[in-house]
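Structure file run_11.cif; described as mmCIF, C-alpha atoms and all ligand atoms.
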data_my_file
loop_
_atom_site.label_atom_id
_atom_site.label_comp_id
_atom_site.auth_asym_id
_atom_site.auth_seq_id
_atom_site.Cartn_x
_atom_site.Cartn_y
_atom_site.Cartn_z
CA MET A 378 -15.29 17.55 14.69
CA THR A 379 -13.07 18.75 11.88
CA ALA A 380 -13.98 19.07 8.21
CA ILE A 381 -11.45 17.10 6.19
CA ARG A 382 -11.09 16.91 2.44
CA PHE A 383 -8.64 14.77 0.54
CA LEU A 384 -8.24 12.54 -2.48
CA VAL A 385 -8.21 8.79 -2.02
CA ASN A 386 -7.43 6.60 -5.01
CA GLY A 387 -8.23 9.56 -7.24
CA ALA A 388 -11.67 10.24 -5.74
CA PRO A 389 -12.43 13.34 -3.70
CA VAL A 390 -13.56 12.70 -0.13
CA GLU A 391 -15.13 15.17 2.26
CA LEU A 392 -16.08 14.20 5.78
CA GLU A 393 -16.34 15.38 9.36
CA ALA A 394 -14.25 13.51 11.90
CA PRO A 395 -12.58 14.14 15.23
CA GLY A 396 -9.27 15.67 14.25
CA MET A 397 -7.27 13.02 16.10
CA ARG A 398 -9.23 10.09 14.66
CA ARG A 399 -6.69 7.78 13.07
CA LEU A 400 -6.45 7.81 9.30
CA LEU A 401 -6.61 4.00 9.54
CA ASP A 402 -10.10 4.21 11.08
CA VAL A 403 -11.26 6.84 8.62
CA LEU A 404 -10.23 4.61 5.72
CA ARG A 405 -11.61 1.35 7.08
CA GLU A 406 -14.68 2.43 9.00
CA ASP A 407 -15.80 5.70 7.42
CA LEU A 408 -14.86 4.94 3.81
CA GLY A 409 -15.09 1.12 3.78
CA LEU A 410 -11.57 0.73 2.42
CA THR A 411 -10.84 -2.39 4.43
CA GLY A 412 -7.84 -3.44 2.36
CA THR A 413 -5.79 -1.36 4.78
CA LYS A 414 -5.19 -3.61 7.80
CA GLU A 415 -4.47 -3.08 11.46
CA GLY A 416 -1.68 -5.10 13.01
CA CYS A 417 0.15 -3.59 15.93
CA GLY A 418 -1.57 -0.20 16.00
CA GLU A 419 1.74 1.28 17.15
CA GLY A 420 3.70 2.03 13.98
CA GLU A 421 5.78 -1.14 14.13
CA CYS A 422 4.38 -3.60 11.59
CA GLY A 423 3.39 -1.72 8.42
CA ALA A 424 0.11 -3.60 7.97
CA CYS A 425 -1.69 -0.24 7.88
CA SER A 426 0.62 1.28 5.24
CA VAL A 427 -0.85 3.70 2.73
CA ILE A 428 0.79 6.05 0.27
CA LEU A 429 0.45 9.68 1.36
CA ASP A 430 1.67 12.23 -1.18
CA GLY A 431 4.01 9.61 -2.62
CA ASP A 432 5.48 8.33 0.63
CA VAL A 433 4.62 5.18 2.55
CA VAL A 434 3.19 6.00 5.98
CA ASP A 435 1.63 4.05 8.83
CA SER A 436 -2.00 5.13 8.82
CA CYS A 437 -2.37 4.02 12.45
CA LEU A 438 -0.10 6.92 13.43
CA ILE A 439 -1.60 9.64 11.21
CA PRO A 440 -4.38 11.83 12.66
CA ALA A 441 -7.14 12.51 10.18
CA CYS A 442 -6.60 16.26 10.49
CA GLN A 443 -3.15 15.84 8.92
CA VAL A 444 -4.46 14.53 5.60
CA ASP A 445 -6.61 17.55 4.75
CA GLY A 446 -5.76 18.62 1.21
CA ARG A 447 -3.50 15.64 0.58
CA ILE A 448 -3.46 12.63 -1.76
CA ILE A 449 -3.81 9.07 -0.46
CA ARG A 450 -3.49 5.79 -2.27
CA THR A 451 -4.59 2.54 -0.68
CA VAL A 452 -4.28 -1.03 -1.92
CA GLU A 453 -7.71 -0.66 -3.53
CA GLY A 454 -6.18 1.96 -5.81
CA LEU A 455 -3.52 -0.30 -7.31
CA ALA A 456 -5.65 -2.21 -9.79
CA ALA A 457 -6.94 -0.27 -12.76
CA LEU A 458 -10.71 -0.06 -13.17
CA THR A 459 -11.77 -0.70 -16.76
CA PRO A 460 -15.16 -1.32 -18.41
CA ASP A 461 -14.26 -5.04 -18.24
CA GLY A 462 -13.50 -5.01 -14.54
CA ARG A 463 -10.34 -4.57 -12.51
CA ILE A 464 -6.94 -5.26 -14.01
CA LEU A 465 -4.16 -5.97 -11.55
CA ASP A 466 -1.10 -3.79 -11.78
CA ASP A 467 2.23 -5.40 -12.58
CA LEU A 468 3.16 -5.68 -8.91
CA GLN A 469 -0.04 -7.45 -7.92
CA ALA A 470 0.36 -9.80 -10.87
CA ALA A 471 3.93 -10.56 -9.79
CA PHE A 472 2.80 -11.33 -6.21
CA LEU A 473 0.31 -13.81 -7.66
CA ALA A 474 2.89 -15.35 -9.99
CA THR A 475 5.49 -16.01 -7.28
CA GLY A 476 3.13 -16.87 -4.45
CA GLY A 477 4.14 -13.66 -2.69
CA ALA A 478 0.56 -12.92 -1.63
CA GLN A 479 0.87 -15.10 1.45
CA CYS A 480 -1.69 -13.49 3.74
CA GLY A 481 -4.20 -10.68 3.80
CA ILE A 482 -2.69 -8.85 6.73
CA CYS A 483 0.76 -7.89 5.53
CA THR A 484 0.28 -8.09 1.75
CA PRO A 485 -1.52 -4.74 1.23
CA GLY A 486 1.25 -2.87 3.03
CA MET A 487 3.95 -4.84 1.25
CA LEU A 488 2.38 -3.96 -2.09
CA LEU A 489 2.26 -0.26 -1.30
CA ALA A 490 5.82 -0.10 0.02
CA ALA A 491 6.94 -1.95 -3.10
CA ARG A 492 4.90 0.35 -5.34
CA VAL A 493 6.70 3.38 -3.95
CA TYR A 494 10.04 1.59 -4.36
CA LEU A 495 9.36 0.72 -8.00
CA ASP A 496 7.88 4.13 -8.80
CA ALA A 497 11.12 5.68 -7.52
CA GLY A 498 13.04 3.57 -10.03
CA GLY A 499 13.94 0.69 -7.72
CA GLY A 500 15.31 -2.39 -9.41
CA PRO A 501 15.49 -6.15 -8.75
CA ASP A 502 18.41 -6.02 -6.32
CA GLU A 503 17.49 -8.19 -3.33
CA ASP A 504 19.17 -6.08 -0.67
CA ALA A 505 17.53 -2.90 -1.95
CA ILE A 506 14.13 -4.58 -2.01
CA ARG A 507 14.56 -5.89 1.52
CA GLU A 508 15.48 -2.39 2.66
CA ALA A 509 12.43 -0.92 0.90
CA ILE A 510 10.07 -3.27 2.76
CA ALA A 511 11.96 -3.15 6.05
CA GLY A 512 9.04 -1.35 7.71
CA ASN A 513 6.59 -4.09 6.71
CA LEU A 514 6.75 -7.18 8.88
CA CYS A 515 5.79 -10.72 7.98
CA ARG A 516 5.30 -12.73 11.13
CA CYS A 517 4.75 -16.09 9.49
CA THR A 518 5.90 -17.34 6.13
CA GLY A 519 8.95 -15.19 5.42
CA TYR A 520 10.11 -12.74 2.83
CA THR A 521 11.57 -14.91 0.06
CA LYS A 522 8.54 -15.00 -2.22
CA ILE A 523 7.66 -11.39 -1.49
CA VAL A 524 11.15 -10.27 -2.52
CA GLU A 525 10.93 -12.49 -5.61
CA ALA A 526 7.65 -10.84 -6.56
CA ILE A 527 9.01 -7.32 -6.27
CA ALA A 528 12.11 -8.28 -8.25
CA LEU A 529 9.90 -9.83 -10.93
CA ALA A 530 7.81 -6.65 -11.14
CA ALA A 531 10.99 -4.59 -11.37
CA GLU A 532 12.19 -6.76 -14.25
CA THR A 533 8.81 -6.70 -15.96
CA GLY A 534 8.60 -2.94 -15.70
CA ARG A 535 11.97 -2.58 -17.35
CA ARG A 536 11.07 -4.76 -20.29
CA PRO A 537 10.77 -2.72 -23.52
CA ALA A 538 7.21 -2.27 -24.76
CA GLY A 539 6.11 -5.26 -26.81
CA ALA A 540 8.90 -7.51 -25.51
S1 LIG B 601 -0.93 -1.26 12.49
FE1 LIG B 601 0.11 0.52 11.87
S2 LIG B 601 2.19 -0.04 11.91
FE2 LIG B 601 1.18 -1.79 12.69
S1 LIG B 602 2.32 -11.88 7.95
FE1 LIG B 602 1.51 -11.90 5.98
S2 LIG B 602 2.62 -13.44 4.91
FE2 LIG B 602 3.49 -13.37 6.92
#
Let me see the file written as structure tokens.
Ligand code: FES
Ligand code: FES
Amino acid sequence: MTAIRFLVNGAPVELEAPGMRRLLDVLREDLGLTGTKEGCGEGECGACSVILDGDVVDSCLIPACQVDGRIIRTVEGLAALTPDGRILDDLQAAFLATGGAQCGICTPGMLLAARVYLDAGGGPDEDAIREAIAGNLCRCTGYTKIVEAIALAAETGRRPAGA
């Protein structure tokens, strides 16, 4: 067992786990953060995406020992927690508005890949958005509404305050 400490969604976590236990299992089973999904388990689908020190990674491929001292954000960390409850971030709101939240398996990873894209200054260009989510597969409904949602969030984020 290895002692591992890290921040997840702003909260400090300290636990003992086999060093090679997958980050995906630590998040879902040890910490109850089940918004992170398992699809392929082989680094191909992006369902297990989380943000690790600002980059999107496949948590099914990351051994727990590699996140010691690092900062993780999961889909649970997107919405802001206020005294009145949770407030969706602009990206989540855009997914709702366009119907981009098509299923619970791929959507968390799509949101996180898109969050990194927008945080890096990404805009509403369709090709750029499709490239940003290229590691996140939808096996059913298609990407049109997802791309629309990310473009909408990009436009919304660029709107001047009060507009
Ligand atoms: S479950 Fe990790 S990439 Fe598919
Ligand atoms: S796999 Fe989630 S919408 Fe297609």
Test item: residues no farther than 7 Å from ligand LIG 601 (chain B), counting only C-alpha atoms and all ligand atoms, as an NGL selection string: :A and (414-426 or 435-438)
List every residue of chain A that has an atom at most 6 Å from any atom of ligand LIG 602 (chain B), and for each one report the closest atom pair and its distance in Å to one decimal, counting only C-alpha atoms and all ligand atoms, with rows sorted by chain and then by increasing residue number, as a tab-separated table.
residue	atom	partner	partner_atom	distance
A:Gln479	CA	B:LIG602	S2	4.2
A:Cys480	CA	B:LIG602	FE1	4.2
A:Ile482	CA	B:LIG602	FE1	5.2
A:Cys483	CA	B:LIG602	FE1	4.1
A:Thr484	CA	B:LIG602	FE1	5.8
A:Cys515	CA	B:LIG602	S1	3.7
A:Arg516	CA	B:LIG602	S1	4.4
A:Cys517	CA	B:LIG602	FE2	3.9
A:Thr518	CA	B:LIG602	FE2	4.7
A:Gly519	CA	B:LIG602	FE2	5.9
Contacts of Leu489 (chain A) at 9 Å (all atoms listed in the file; same-chain gap of 6+ positions) as a ChimeraX atom specification: /A:426-428,433,450-452,455
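Atom pair CA of Gln469 (chain A) / CA of Leu488 (chain A) has a distance of 7.2 Å (rounded to one decimal).
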Selection: 8 Å around Ile527 (chain A), all atoms listed in the file, excl. self and same-chain fewer than 5 positions, as a PyMOL selection string: chain A and resi 468+471-472+491+501+506
Export, as a tab-separated table (two decimals), keeping the file's coordinate frame, the selected residues with C-alpha atoms.
chain	number	residue	atom	x	y	z
A	468	LEU	CA	3.16	-5.68	-8.91
A	471	ALA	CA	3.93	-10.56	-9.79
A	472	PHE	CA	2.80	-11.33	-6.21
A	491	ALA	CA	6.94	-1.95	-3.10
A	501	PRO	CA	15.49	-6.15	-8.75
A	506	ILE	CA	14.13	-4.58	-2.01
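What separates CA of Ile381 (chain A) from CA of Gly396 (chain A) is a distance of 8.5 Å.
Using only C-alpha atoms for every distance, the candidate list A:Ala441, A:Ile449, A:Glu508, A:Leu410 yields A:Ile449 as the residue closest to Pro389 (chain A).
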Around all of region 523-531 of chain A's listed atoms, make the axis-aligned box with 8 Å on each side and tell me centre and edge lengths in Å to one decimal, as JSON.
{"center_x": 9.9, "center_y": -8.5, "center_z": -6.4, "size_x": 20.5, "size_y": 23.9, "size_z": 25.9}
Compile the contact shell of Asp430 (chain A) as a short mmCIF file (atom, residue, chain, number, x, y, z; two decimals) with C-alpha atoms, in the frame of the given file: residues with an atom at most 12 Å away, counting all atoms listed in the file, same-chain residues fewer than 6 positions apart removed.
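Result file is out_25.cif:
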data_model
loop_
_atom_site.label_atom_id
_atom_site.label_comp_id
_atom_site.auth_asym_id
_atom_site.auth_seq_id
_atom_site.Cartn_x
_atom_site.Cartn_y
_atom_site.Cartn_z
CA PHE A 383 -8.64 14.77 0.54
CA LEU A 384 -8.24 12.54 -2.48
CA VAL A 385 -8.21 8.79 -2.02
CA ASN A 386 -7.43 6.60 -5.01
CA GLY A 387 -8.23 9.56 -7.24
CA GLN A 443 -3.15 15.84 8.92
CA VAL A 444 -4.46 14.53 5.60
CA ASP A 445 -6.61 17.55 4.75
CA GLY A 446 -5.76 18.62 1.21
CA ARG A 447 -3.50 15.64 0.58
CA ILE A 448 -3.46 12.63 -1.76
CA ILE A 449 -3.81 9.07 -0.46
CA ARG A 450 -3.49 5.79 -2.27
CA THR A 451 -4.59 2.54 -0.68
CA VAL A 493 6.70 3.38 -3.95
#
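In this structure, CA of Leu401 (chain A) sits 15.9 Å away from CA of Gly481 (chain A).
Minimum distance to Ala394 (chain A) across A:Met378, A:Ala528, A:Glu406, A:Cys442 (counting all atoms listed in the file) occurs at A:Met378.
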Pick from A:Leu458, A:Ala531, A:Leu404, A:Leu465, whichever lies nearest to Pro440 (chain A) using all atoms listed in the file: A:Leu404
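Restricting the calculation to all atoms listed in the file, the smallest distance between Gly534 (chain A) and any of A:Asp467, A:Thr413, A:Ala497, A:Ile510 is found for A:Asp467.
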Option closest in space to Ala505 (chain A), from A:Asp466, A:Glu532, A:Val524, A:Arg398 [counting all atoms listed in the file]: A:Val524
